[in-house]
Amino acid sequence: LRWQFFLRSQLRWHNGEALTGQQLLQTLNALQHHPRSQPLLSSVATISLPHALCIQFELQMPDYWLAHRLAELPCLMTHPELPTLGAGPFKLALNEPHMVRLEQHPYYHLQHPYLESIEYWITPELPTHSTDTSCLHPVRITIGQQEELALARPVQRSMSQGWCYLAINQRRGVLSEAQGQKLLMLIQRSGLLASLPIQQGVIIPSHEMLPGWAIPEHDVLQDVELPPQLTLLYHPPIELESVTQALQQLLADHGCQLEIRYYSGKRWQSTEQIAQADLLLADNLIGEAPEATLESWLRRDLLWQGILREEDWQHQQRTLQQIQQCPAPQQRFSQLKAYYQQLMGAAILTPLFNYQYQVSAPPRIHGVMLTAYGWFDFCQAWLPPPLDD
């Protein structure tokens with residue numbers, strides 16, 4: 001019930017100002033009441049500073065995910081008065097619509113990056129039918145100067161742990177469990193995901209939620225019929241547009257008219273928005289600690305309160321409270337897996353496909369590492385000295 005975190009004594013913000021425990025306490029108290037981070041800190045009773053270099057958390061009930069929660073993006077600890085200031089290896093030097101420039105933080109407390117600065121030039125290549133850049137998914141990333149791009153070769157590939165998913169709105173009640181299973185059976189047996197008009201190698205149909213968490217194969221009696229009409233709501237990335245069109249044709253072949261609605265935001269906006277659809281299509285990115293990420297997703301995403309019936313929503317909250325109090329990680333993982341197996345077995349949630357991330361770079365660029373989210377970590381990247389003409 002009591003967690004203590006001890007701070008390094010020479011931490012500095014990106015502007016050179018000394019970082020203090022009092023500043024972090026101020027930021028953490030604000031995070032405790034912010035709607036995005038509050039679900040992650042709901043077990044925290046008080047946060048205090050018993051010593052200048054010690055942050056102390058007193059909990060209402062045990063929460064063995066606490067350290068993972070503090071490492072999540074909604075709990076990002078920035079300067080309490082200057083939210084663009086952090087204390088990481090790179091500081092934000094410029095943030096313009098066409099370019100973002102990062103520079104090495106000279107006071108960083110761990111090993112410094114090898115590179116002095118990084119520039120991201122934003123030059124979107126829009127689909128011919130769209131002016132919305134928010135839907136582009138950065139599955140293929142190329143690093144280097146414009147004149148070097150012809151020399152770029154893949155330097156790292158990885159399959160995303162996260163996936164695009166289909167969720168059924170149980171609360172809306174248009175699809176029964178058997179009908180939901182029938183819908184997923186049609187998707188699984190039609191080969192729909194393997195034949196999407198998407199660049200080869202970009203997506204991989206999902207067979208597991210995580211390694212060892214198999215997606216069930218649904219087998220439904222032939223006399224189960226789909227409703228005559230369903231509504232689907234989806235948001236970026238753009239690959240999901242191909243899924244909606246293929247799904248619309250598949251359901252039409254089985255006597256069901258699918259109305260498709262698009263929302264350009266990257267997160268569900270409200271339970272009222274979710275209530276308008278029978279089916280929801282989106283993606284869920286998973287970080288370096290996959291089980292902790294999936295537990296957090298159940299807590300934070302409005303999806304669950306929007307699609308689960310009230311009694312099932314309350315059951316989910318009790319289940320999560322029970323899981324978080326298990327001291328042994330494998331016991332927490334096992335119980336979380338069992339709950340997700342129930343969701344997939346009832347056809348409430350089904351992962352559809354993973355991404356195949358790829359970073360390409362010219363031969364002179366070394367040490368670029370992909371993160372679990374499909375972005376890249378430049379802390380170990382380096383360049384050889386330039387050649388003399």
# chains A, B, ... in the order shown; residues from 1 in each chain; ligands from 1
call {"tool": "residues_around", "arguments": {"residues": "range 71-75 of chain A", "least_positions_apart": "6", "cutoff": "12 Å", "atoms": "only C-alpha atoms", "output": "short mmCIF file (atom, residue, chain, number, x, y, z; two decimals) with N, CA and C atoms, in the first residue's frame"}}
result
data_model
loop_
_atom_site.label_atom_id
_atom_site.label_comp_id
_atom_site.auth_asym_id
_atom_site.auth_seq_id
_atom_site.Cartn_x
_atom_site.Cartn_y
_atom_site.Cartn_z
N LEU A 24 7.55 17.62 -9.27
CA LEU A 24 6.93 16.36 -9.66
C LEU A 24 5.67 16.09 -8.84
N THR A 27 2.94 18.09 -10.40
CA THR A 27 2.48 17.47 -11.65
C THR A 27 1.65 16.22 -11.37
N LEU A 28 2.10 15.37 -10.45
CA LEU A 28 1.38 14.13 -10.14
C LEU A 28 0.00 14.41 -9.53
N ASN A 29 -0.09 15.43 -8.69
CA ASN A 29 -1.40 15.79 -8.12
C ASN A 29 -2.36 16.25 -9.21
N ALA A 30 -1.84 16.96 -10.22
CA ALA A 30 -2.68 17.37 -11.35
C ALA A 30 -3.11 16.16 -12.17
N LEU A 31 -2.17 15.21 -12.40
CA LEU A 31 -2.50 14.01 -13.17
C LEU A 31 -3.56 13.17 -12.47
N GLN A 32 -3.55 13.19 -11.14
CA GLN A 32 -4.50 12.38 -10.38
C GLN A 32 -5.94 12.81 -10.63
N HIS A 33 -6.13 14.05 -11.09
CA HIS A 33 -7.48 14.58 -11.31
C HIS A 33 -7.78 14.84 -12.78
N HIS A 34 -6.84 14.52 -13.66
CA HIS A 34 -7.07 14.74 -15.09
C HIS A 34 -7.87 13.55 -15.64
N PRO A 35 -8.88 13.79 -16.50
CA PRO A 35 -9.74 12.69 -16.97
C PRO A 35 -9.00 11.59 -17.71
N ARG A 36 -7.87 11.90 -18.38
CA ARG A 36 -7.15 10.86 -19.13
C ARG A 36 -6.28 10.00 -18.21
N SER A 37 -5.69 10.60 -17.18
CA SER A 37 -4.78 9.85 -16.32
C SER A 37 -5.45 9.34 -15.05
N GLN A 38 -6.59 9.91 -14.67
CA GLN A 38 -7.25 9.51 -13.42
C GLN A 38 -7.56 8.02 -13.34
N PRO A 39 -8.04 7.36 -14.43
CA PRO A 39 -8.30 5.92 -14.33
C PRO A 39 -7.06 5.10 -13.97
N LEU A 40 -5.88 5.58 -14.33
CA LEU A 40 -4.65 4.86 -14.02
C LEU A 40 -4.25 5.02 -12.56
N LEU A 41 -4.71 6.10 -11.93
CA LEU A 41 -4.30 6.41 -10.56
C LEU A 41 -5.46 6.31 -9.58
N TRP A 65 0.36 -2.92 -10.64
CA TRP A 65 0.64 -2.33 -11.95
C TRP A 65 1.13 -0.88 -11.80
N ILE A 286 0.25 -1.48 -28.68
CA ILE A 286 0.70 -2.14 -27.45
C ILE A 286 2.18 -1.87 -27.25
N GLY A 287 2.57 -1.49 -26.04
CA GLY A 287 3.94 -1.10 -25.75
C GLY A 287 4.83 -2.24 -25.32
N GLU A 288 5.95 -1.88 -24.66
CA GLU A 288 6.98 -2.86 -24.30
C GLU A 288 6.51 -3.84 -23.23
N ALA A 289 5.51 -3.44 -22.43
CA ALA A 289 4.95 -4.33 -21.41
C ALA A 289 3.53 -4.67 -21.85
N PRO A 290 3.36 -5.69 -22.73
CA PRO A 290 2.07 -5.90 -23.39
C PRO A 290 0.91 -6.18 -22.45
N ALA A 292 0.54 -5.26 -19.29
CA ALA A 292 0.19 -4.02 -18.59
C ALA A 292 -0.55 -3.06 -19.52
N THR A 293 -0.14 -3.02 -20.80
CA THR A 293 -0.81 -2.15 -21.77
C THR A 293 -2.26 -2.59 -21.98
N LEU A 294 -2.48 -3.90 -22.08
CA LEU A 294 -3.84 -4.39 -22.30
C LEU A 294 -4.72 -4.19 -21.07
N GLU A 295 -4.15 -4.28 -19.88
CA GLU A 295 -4.93 -3.99 -18.66
C GLU A 295 -5.32 -2.53 -18.64
N SER A 296 -4.37 -1.66 -18.99
CA SER A 296 -4.64 -0.22 -19.01
C SER A 296 -5.70 0.14 -20.05
N TRP A 297 -5.68 -0.55 -21.19
CA TRP A 297 -6.67 -0.28 -22.25
C TRP A 297 -8.08 -0.51 -21.74
N ARG A 300 -8.88 2.59 -19.54
CA ARG A 300 -8.85 3.97 -20.04
C ARG A 300 -9.76 4.22 -21.23
N ASP A 301 -9.94 3.22 -22.09
CA ASP A 301 -10.63 3.47 -23.35
C ASP A 301 -12.14 3.54 -23.13
N TYR A 373 5.93 0.51 -30.33
CA TYR A 373 4.82 1.24 -30.93
C TYR A 373 5.04 1.52 -32.42
#
call {"tool": "residues_around", "arguments": {"residues": "Cys164 in chain A", "least_positions_apart": "4", "cutoff": "8 Å", "atoms": "only C-alpha atoms", "output": "PyMOL selection string"}}
result
chain A and resi 240+281-284+351-354
call {"tool": "write_last_selection", "arguments": {"atoms": "C-alpha atoms", "output": "CSV table (one decimal), in the first residue's frame"}}
result
chain,number,residue,atom,x,y,z
A,240,LEU,CA,-9.3,0.2,-42.1
A,281,LEU,CA,-13.3,-0.8,-36.1
A,282,ALA,CA,-10.1,0.8,-34.8
A,283,ASP,CA,-6.6,-0.1,-33.7
A,284,ASN,CA,-4.9,-0.6,-30.3
A,351,PRO,CA,-8.1,-8.7,-33.3
A,352,LEU,CA,-8.0,-8.7,-37.1
A,353,PHE,CA,-4.5,-7.9,-38.2
A,354,ASN,CA,-1.1,-6.8,-37.0
call {"tool": "closest_residue", "arguments": {"among": "A:Phe378, A:Ile168, A:Gln248, A:Val243", "to": "Ile274 in chain A", "atoms": "only C-alpha atoms"}}
result
A:Ile168
call {"tool": "select_by_dssp", "arguments": {"residues": "range 50-208 of chain A", "states": "strand (DSSP E or B)", "output": "number ranges by chain"}}
result
A: 50-51, 54-59, 90-95, 99-104, 117-121, 140-142, 153-168, 203-205, 208
call {"tool": "write_last_selection", "arguments": {"atoms": "N, CA and C atoms", "output": "short mmCIF file (atom, residue, chain, number, x, y, z; two decimals), in the first residue's frame"}}
result
data_model
loop_
_atom_site.label_atom_id
_atom_site.label_comp_id
_atom_site.auth_asym_id
_atom_site.auth_seq_id
_atom_site.Cartn_x
_atom_site.Cartn_y
_atom_site.Cartn_z
N PRO A 50 7.94 12.92 1.48
CA PRO A 50 8.52 12.79 2.82
C PRO A 50 9.96 13.26 2.90
N HIS A 51 10.62 13.35 1.74
CA HIS A 51 12.00 13.82 1.65
C HIS A 51 12.12 14.53 0.32
N CYS A 54 12.26 12.06 -2.51
CA CYS A 54 11.43 10.85 -2.40
C CYS A 54 9.97 11.19 -2.65
N ILE A 55 9.38 10.55 -3.66
CA ILE A 55 7.94 10.66 -3.94
C ILE A 55 7.26 9.43 -3.33
N GLN A 56 6.24 9.66 -2.51
CA GLN A 56 5.57 8.54 -1.82
C GLN A 56 4.10 8.47 -2.21
N PHE A 57 3.66 7.26 -2.57
CA PHE A 57 2.26 7.00 -2.92
C PHE A 57 1.64 6.13 -1.82
N GLU A 58 0.51 6.56 -1.28
CA GLU A 58 -0.29 5.75 -0.36
C GLU A 58 -1.52 5.28 -1.13
N LEU A 59 -1.75 3.96 -1.17
CA LEU A 59 -2.84 3.39 -1.96
C LEU A 59 -4.01 2.97 -1.09
N PHE A 90 16.41 14.00 -25.53
CA PHE A 90 16.27 15.06 -26.53
C PHE A 90 15.25 16.08 -26.06
N LYS A 91 15.52 17.35 -26.36
CA LYS A 91 14.56 18.41 -26.04
C LYS A 91 13.95 18.94 -27.34
N LEU A 92 12.74 19.44 -27.23
CA LEU A 92 12.03 19.99 -28.39
C LEU A 92 12.55 21.40 -28.66
N ALA A 93 13.20 21.59 -29.81
CA ALA A 93 13.75 22.90 -30.16
C ALA A 93 12.83 23.68 -31.08
N LEU A 94 12.08 22.96 -31.93
CA LEU A 94 11.20 23.63 -32.89
C LEU A 94 10.03 22.71 -33.20
N ASN A 95 8.84 23.27 -33.24
CA ASN A 95 7.64 22.48 -33.56
C ASN A 95 6.77 23.30 -34.51
N MET A 99 7.96 20.97 -39.85
CA MET A 99 9.17 20.37 -39.30
C MET A 99 9.14 20.36 -37.78
N VAL A 100 9.67 19.26 -37.21
CA VAL A 100 9.93 19.17 -35.78
C VAL A 100 11.42 18.93 -35.60
N ARG A 101 12.05 19.75 -34.75
CA ARG A 101 13.50 19.61 -34.52
C ARG A 101 13.75 19.26 -33.06
N LEU A 102 14.49 18.17 -32.85
CA LEU A 102 14.91 17.76 -31.51
C LEU A 102 16.41 17.98 -31.37
N GLU A 103 16.83 18.46 -30.19
CA GLU A 103 18.25 18.66 -29.92
C GLU A 103 18.64 17.92 -28.66
N GLN A 104 19.89 17.48 -28.61
CA GLN A 104 20.39 16.74 -27.46
C GLN A 104 20.28 17.58 -26.19
N SER A 117 21.37 16.48 -33.11
CA SER A 117 20.00 16.92 -33.41
C SER A 117 19.33 15.97 -34.39
N ILE A 118 18.01 15.98 -34.35
CA ILE A 118 17.16 15.17 -35.25
C ILE A 118 16.10 16.10 -35.82
N GLU A 119 15.85 16.02 -37.12
CA GLU A 119 14.78 16.79 -37.74
C GLU A 119 13.79 15.86 -38.41
N TYR A 120 12.51 16.07 -38.14
CA TYR A 120 11.42 15.36 -38.83
C TYR A 120 10.79 16.35 -39.81
N TRP A 121 10.93 16.07 -41.10
CA TRP A 121 10.29 16.91 -42.12
C TRP A 121 8.96 16.25 -42.49
N ARG A 140 5.72 2.26 -42.98
CA ARG A 140 6.97 2.30 -43.70
C ARG A 140 7.63 3.65 -43.45
N ILE A 141 8.82 3.65 -42.84
CA ILE A 141 9.50 4.89 -42.48
C ILE A 141 10.88 4.88 -43.12
N THR A 142 11.25 5.99 -43.76
CA THR A 142 12.57 6.11 -44.38
C THR A 142 13.32 7.26 -43.72
N ARG A 153 17.87 1.24 -47.64
CA ARG A 153 17.59 -0.18 -47.56
C ARG A 153 16.98 -0.49 -46.19
N PRO A 154 16.14 -1.52 -46.07
CA PRO A 154 15.57 -1.86 -44.76
C PRO A 154 16.68 -2.15 -43.74
N VAL A 155 16.57 -1.52 -42.57
CA VAL A 155 17.54 -1.76 -41.51
C VAL A 155 16.91 -2.49 -40.32
N GLN A 156 15.60 -2.42 -40.21
CA GLN A 156 14.94 -3.17 -39.15
C GLN A 156 13.47 -3.41 -39.50
N ARG A 157 13.01 -4.61 -39.22
CA ARG A 157 11.60 -4.96 -39.40
C ARG A 157 11.10 -5.55 -38.09
N SER A 158 9.82 -5.34 -37.82
CA SER A 158 9.22 -6.00 -36.65
C SER A 158 7.71 -6.04 -36.84
N MET A 159 7.08 -7.07 -36.30
CA MET A 159 5.63 -7.15 -36.33
C MET A 159 5.08 -6.45 -35.09
N SER A 160 4.11 -5.61 -35.28
CA SER A 160 3.53 -4.88 -34.16
C SER A 160 2.87 -5.85 -33.18
N GLN A 161 3.02 -5.57 -31.89
CA GLN A 161 2.26 -6.35 -30.91
C GLN A 161 0.80 -5.90 -30.91
N GLY A 162 0.58 -4.62 -31.23
CA GLY A 162 -0.79 -4.12 -31.33
C GLY A 162 -1.46 -4.57 -32.62
N TRP A 163 -2.76 -4.35 -32.72
CA TRP A 163 -3.53 -4.85 -33.85
C TRP A 163 -4.74 -3.96 -34.11
N CYS A 164 -5.30 -4.08 -35.30
CA CYS A 164 -6.61 -3.50 -35.59
C CYS A 164 -7.66 -4.51 -35.15
N TYR A 165 -8.74 -4.01 -34.59
CA TYR A 165 -9.74 -4.90 -33.99
C TYR A 165 -11.16 -4.54 -34.45
N LEU A 166 -12.03 -5.52 -34.32
CA LEU A 166 -13.47 -5.33 -34.52
C LEU A 166 -14.15 -5.58 -33.19
N ALA A 167 -14.96 -4.62 -32.74
CA ALA A 167 -15.71 -4.76 -31.48
C ALA A 167 -17.20 -4.69 -31.77
N ILE A 168 -17.97 -5.49 -31.02
CA ILE A 168 -19.43 -5.53 -31.19
C ILE A 168 -20.07 -4.81 -30.01
N ILE A 203 0.38 -5.59 -43.65
CA ILE A 203 -0.43 -6.17 -42.58
C ILE A 203 -0.30 -7.69 -42.58
N ILE A 204 -0.55 -8.27 -41.41
CA ILE A 204 -0.52 -9.73 -41.24
C ILE A 204 -1.76 -10.13 -40.46
N PRO A 205 -2.66 -10.97 -41.00
CA PRO A 205 -3.86 -11.37 -40.25
C PRO A 205 -3.48 -11.94 -38.88
N GLU A 208 -3.30 -14.53 -32.91
CA GLU A 208 -3.18 -14.44 -31.46
C GLU A 208 -3.34 -12.99 -31.03
#
call {"tool": "select_by_dssp", "arguments": {"residues": "range 226-261 of chain A", "states": "alpha helix (DSSP H)", "output": "VMD selection string"}}
result
chain A and resid 239 to 252
call {"tool": "residues_around", "arguments": {"residues": "Leu302 in chain A", "least_positions_apart": "5", "cutoff": "7 Å", "atoms": "only C-alpha atoms", "output": "list of chain:residue names"}}
result
A:Trp268, A:Ser270, A:Thr271
call {"tool": "atom_distance", "arguments": {"atom1": "CA of Gly212 in chain A", "atom2": "CA of Leu343 in chain A"}}
result
15.8 Å
call {"tool": "closest_residue", "arguments": {"among": "A:Leu115, A:Met61, A:Leu285, A:Ala87", "to": "Pro237 in chain A", "atoms": "only C-alpha atoms"}}
result
A:Leu285
call {"tool": "atom_distance", "arguments": {"atom1": "CA of Ile365 in chain A", "atom2": "CA of Leu383 in chain A"}}
result
5.3 Å
